[in-house]
Structures are given as structure tokens and as C-alpha cells.
Amino acid sequence: MTTTITQSQDLMPSPVLNVRGLRKTSGGVGALKGVDFDLMPGEIHGLCGENGAGKSTLVKILGGLAGPTEGEITVDGIPLKFGRRTDPRLISIVHQELSIIPDLSVLDNVLLGDQSIGEFLFRGRYRAAIRRQLDDIGLSHVDLDQPARELGLAEQQLIETARGVSRGARIILHEPTATLSDSEIRRVFTAVRWLRDQGSTIVFISLRAQPSLTSSTARRWRRPASCRMRSLRRTT
């Protein structure tokens with residue numbers, strides 16, 4: 001019996017993200033007070049809370065854009081070094097305010113900011129791989145050479161998602177744009193399901209739980225409790 005339990009524990013996946021005791025105080029105001037949670041590979045999670053609850057602060061800390069007052073974060077067991085931008089191969093962020101460059105091609109927007117490319121960009125080296133990635137997330141109809149400005153809002157969000165995919169990001173933080181239509185939301189969630197099945201961990205950040213993200217979309221969508229599907233409350 002003891003041997004069986006030990007083997008079962010050994011087979012359990014380790015958290016891809018570990019957050020412990022995260023606090024952030026600014027000007028005497030506590031933006032975050034003792035945030036603790038884990039993220040497992042291949043899961044979809046929701047992070048919701050009203051304005052001022054600390055969602056953006058947490059995302060900035062995870063992305064390396066701000067440092068916590070206390071606490072620690074590990075990705076795949078490796079501690080994040082605060083004070084520097086987080087490696088996009090670990091955590092990729094799709095902000096509500098997109099960083100798409102409208103006049104650049106779809107291909108160039110996916111490759112934008114990839115530090116592994118070097119000083120010279122030889123697009124031909126990347127076309128086949130980027131084409132496969134776009135096909136996989138539901139953008140098979142999008143031409144790599146068309147300007148990004150010709151794409152719809154959901155398609156532009158997925159282009160930013162493809163950036164994280166192309167870098168092999170372990171975690172994708174996604175801030176869905178409130179103006180997406182129902183059909184655009186379904187397109188985004190279809191891509192998210194595919195990413196989940198590939199082992200990526202996706203976190204949706206929103207004012208409230210997305211009603212369209214049902215149990216058929218997220219196998220482990222958790223209600224606001226304990227340290228899983230996290231509901232942040234405004235601190236005073």
C-alpha cells in the first residue's frame with residue numbers, strides 16, 4: 001500500500017507556477033495582501049476581481065514589470081528574479097491593450113520582440129513554423145503577409161497569443177477585450193482549448209468570471225475559493 005501511494009505521488013505533475021506570500025504595498029496602500037496559488041500544466045484558470053482589487057498589479061509582478069514588497073514566485077521550480085522582465089519563454093502576457101503594430105505584417109507581428117532572432121531577420125526561416133502555429137489556433141485563413149490592421153480584434157488577440165506560442169511560453173496570461181462579440185469569444189476559447197491540450201497553462205484576467213468559459217471549455221475552471229480560481233478583493 002505504501003509503495004502504491006508513493007508511485008502515485010511521483011506521477012503527479014508539479015506546479016508550473018508557484019506563488020507564495022505575495023504582498024505589494026505602495027504609498028502605504030496594500031495592493032496585494034498575501035496572495036498564494038499554484039498553476040498546474042494544461043489547465044485554464046480565471047483571475048477575477050473588481051477594479052482596484054490588484055489584478056493588474058499581480059500581472060505586472062508576474063511579467064517582471066514591478067516587484068513585490070514580499071513573497072516569492074517560481075516557474076518550473078526556478079525563482080523569478082524581480083527587477084527584470086520575465087522571460088517570455090516562461091510567461092507570455094496578452095494585454096487588453098494590444099501591442100500589435102498595424103502596418104507590420106502578421107508574420108512580423110508574431111516575431112516582434114523575439115530576442116533569439118538576432119540582428120538580422122530572415123523571414124523565410126520562420127514562415128513554416130509560424131504558419132503551423134496560426135493554423136493550430138484557428139487562424140488558417142490569415143495570410144502571413146497581410147497587414148495586421150486588416151484583422152479583426154479577436155484575430156489580433158490571437159496573433160499576440162501566437163507570439164507566446166512561438167516562444168514556447170509555459171504560461172499565458174490573457175486579458176480578454178470587453179468589446180469582443182460572441183463569435184469572437186468562441187474563436188478565442190477554441191484556441192485556448194487547443195493550447196490547454198498542448199500542456200500550456202492559461203489564465204484569464206477579468207472583472208468577473210467569463211460566462212462563456214463553461215466546463216466544456218475549461219476542465220478545471222474553479223470557483224472563487226482557496227488558492228485556485230482566484231477572486232481578488234479590493235483592499236483598503
# chains A, B, ... in the order shown; residues from 1 in each chain; ligands from 1
call {"tool": "select_by_dssp", "arguments": {"residues": "segment 22-87 of chain A", "states": "alpha helix (DSSP H)", "output": "MDAnalysis selection string"}}
result
chainID A and resid 55:62
call {"tool": "write_last_selection", "arguments": {"atoms": "C-alpha atoms", "output": "PDB file, in the first residue's frame"}}
result
ATOM      1  CA  LYS A  55      -5.321  42.086 -10.797  1.00  0.00           C
ATOM      2  CA  SER A  56      -3.121  44.426 -12.824  1.00  0.00           C
ATOM      3  CA  THR A  57      -0.563  44.620 -10.019  1.00  0.00           C
ATOM      4  CA  LEU A  58      -0.309  40.836  -9.924  1.00  0.00           C
ATOM      5  CA  VAL A  59       0.058  40.624 -13.714  1.00  0.00           C
ATOM      6  CA  LYS A  60       2.790  43.284 -13.659  1.00  0.00           C
ATOM      7  CA  ILE A  61       4.698  41.368 -10.990  1.00  0.00           C
ATOM      8  CA  LEU A  62       4.387  38.090 -12.913  1.00  0.00           C
TER       9      LEU A  62
END
call {"tool": "residues_around", "arguments": {"residues": "segment 160-168 of chain A", "least_positions_apart": "5", "cutoff": "7 Å", "atoms": "only C-alpha atoms", "output": "mmCIF file with C-alpha atoms, in the first residue's frame"}}
result
data_model
loop_
_atom_site.group_PDB
_atom_site.id
_atom_site.type_symbol
_atom_site.label_atom_id
_atom_site.label_comp_id
_atom_site.auth_asym_id
_atom_site.auth_seq_id
_atom_site.Cartn_x
_atom_site.Cartn_y
_atom_site.Cartn_z
ATOM 1 C CA PRO A 88 8.584 35.314 -22.411
ATOM 2 C CA ARG A 89 9.501 31.644 -22.774
ATOM 3 C CA SER A 92 3.646 35.481 -22.008
ATOM 4 C CA VAL A 94 -1.731 39.211 -23.866
ATOM 5 C CA VAL A 110 4.363 37.306 -34.308
ATOM 6 C CA LEU A 111 8.165 37.596 -34.420
ATOM 7 C CA GLN A 133 1.100 27.730 -35.192
ATOM 8 C CA LEU A 134 -1.513 30.051 -36.692
#
call {"tool": "closest_residue", "arguments": {"among": "A:Arg132, A:Arg193, A:Arg20, A:Arg85", "to": "Asp38 of chain A", "atoms": "only C-alpha atoms"}}
result
A:Arg20
call {"tool": "select_by_dssp", "arguments": {"residues": "segment 142-196 of chain A", "states": "strand (DSSP E)", "output": "VMD selection string"}}
result
chain A and resid 171 to 174
call {"tool": "write_last_selection", "arguments": {"atoms": "N, CA, C and O atoms", "output": "compact mmCIF listing (two decimals), in the first residue's frame"}}
result
# COMPACT_ATOMS: atom_id res chain seq x y z
N ILE A 171 3.29 29.57 -19.57
CA ILE A 171 2.07 30.18 -19.02
C ILE A 171 1.68 31.35 -19.91
O ILE A 171 2.54 32.16 -20.29
N ILE A 172 0.40 31.46 -20.23
CA ILE A 172 -0.11 32.60 -21.00
C ILE A 172 -1.16 33.30 -20.16
O ILE A 172 -2.17 32.71 -19.78
N LEU A 173 -0.90 34.57 -19.84
CA LEU A 173 -1.86 35.40 -19.12
C LEU A 173 -2.65 36.18 -20.16
O LEU A 173 -2.07 36.89 -20.98
N HIS A 174 -3.97 36.08 -20.10
CA HIS A 174 -4.81 36.63 -21.17
C HIS A 174 -5.85 37.56 -20.56
O HIS A 174 -6.63 37.17 -19.71
call {"tool": "residues_around", "arguments": {"residues": "Gly21 of chain A", "least_positions_apart": "6", "cutoff": "8 Å", "atoms": "only C-alpha atoms", "output": "JSON, numbers by chain"}}
result
{"A": [33, 34, 35, 36, 70, 71, 72]}
call {"tool": "closest_residue", "arguments": {"among": "A:Gly113, A:Leu32, A:Ile100, A:Val16", "to": "Pro79 of chain A", "atoms": "only C-alpha atoms"}}
result
A:Val16
call {"tool": "residues_around", "arguments": {"residues": "Ser200 of chain A", "least_positions_apart": "4", "cutoff": "7 Å", "atoms": "only C-alpha atoms", "output": "list of chain:residue names"}}
result
A:Pro41, A:Gly42, A:Arg170, A:Ile171, A:Leu195, A:Arg196
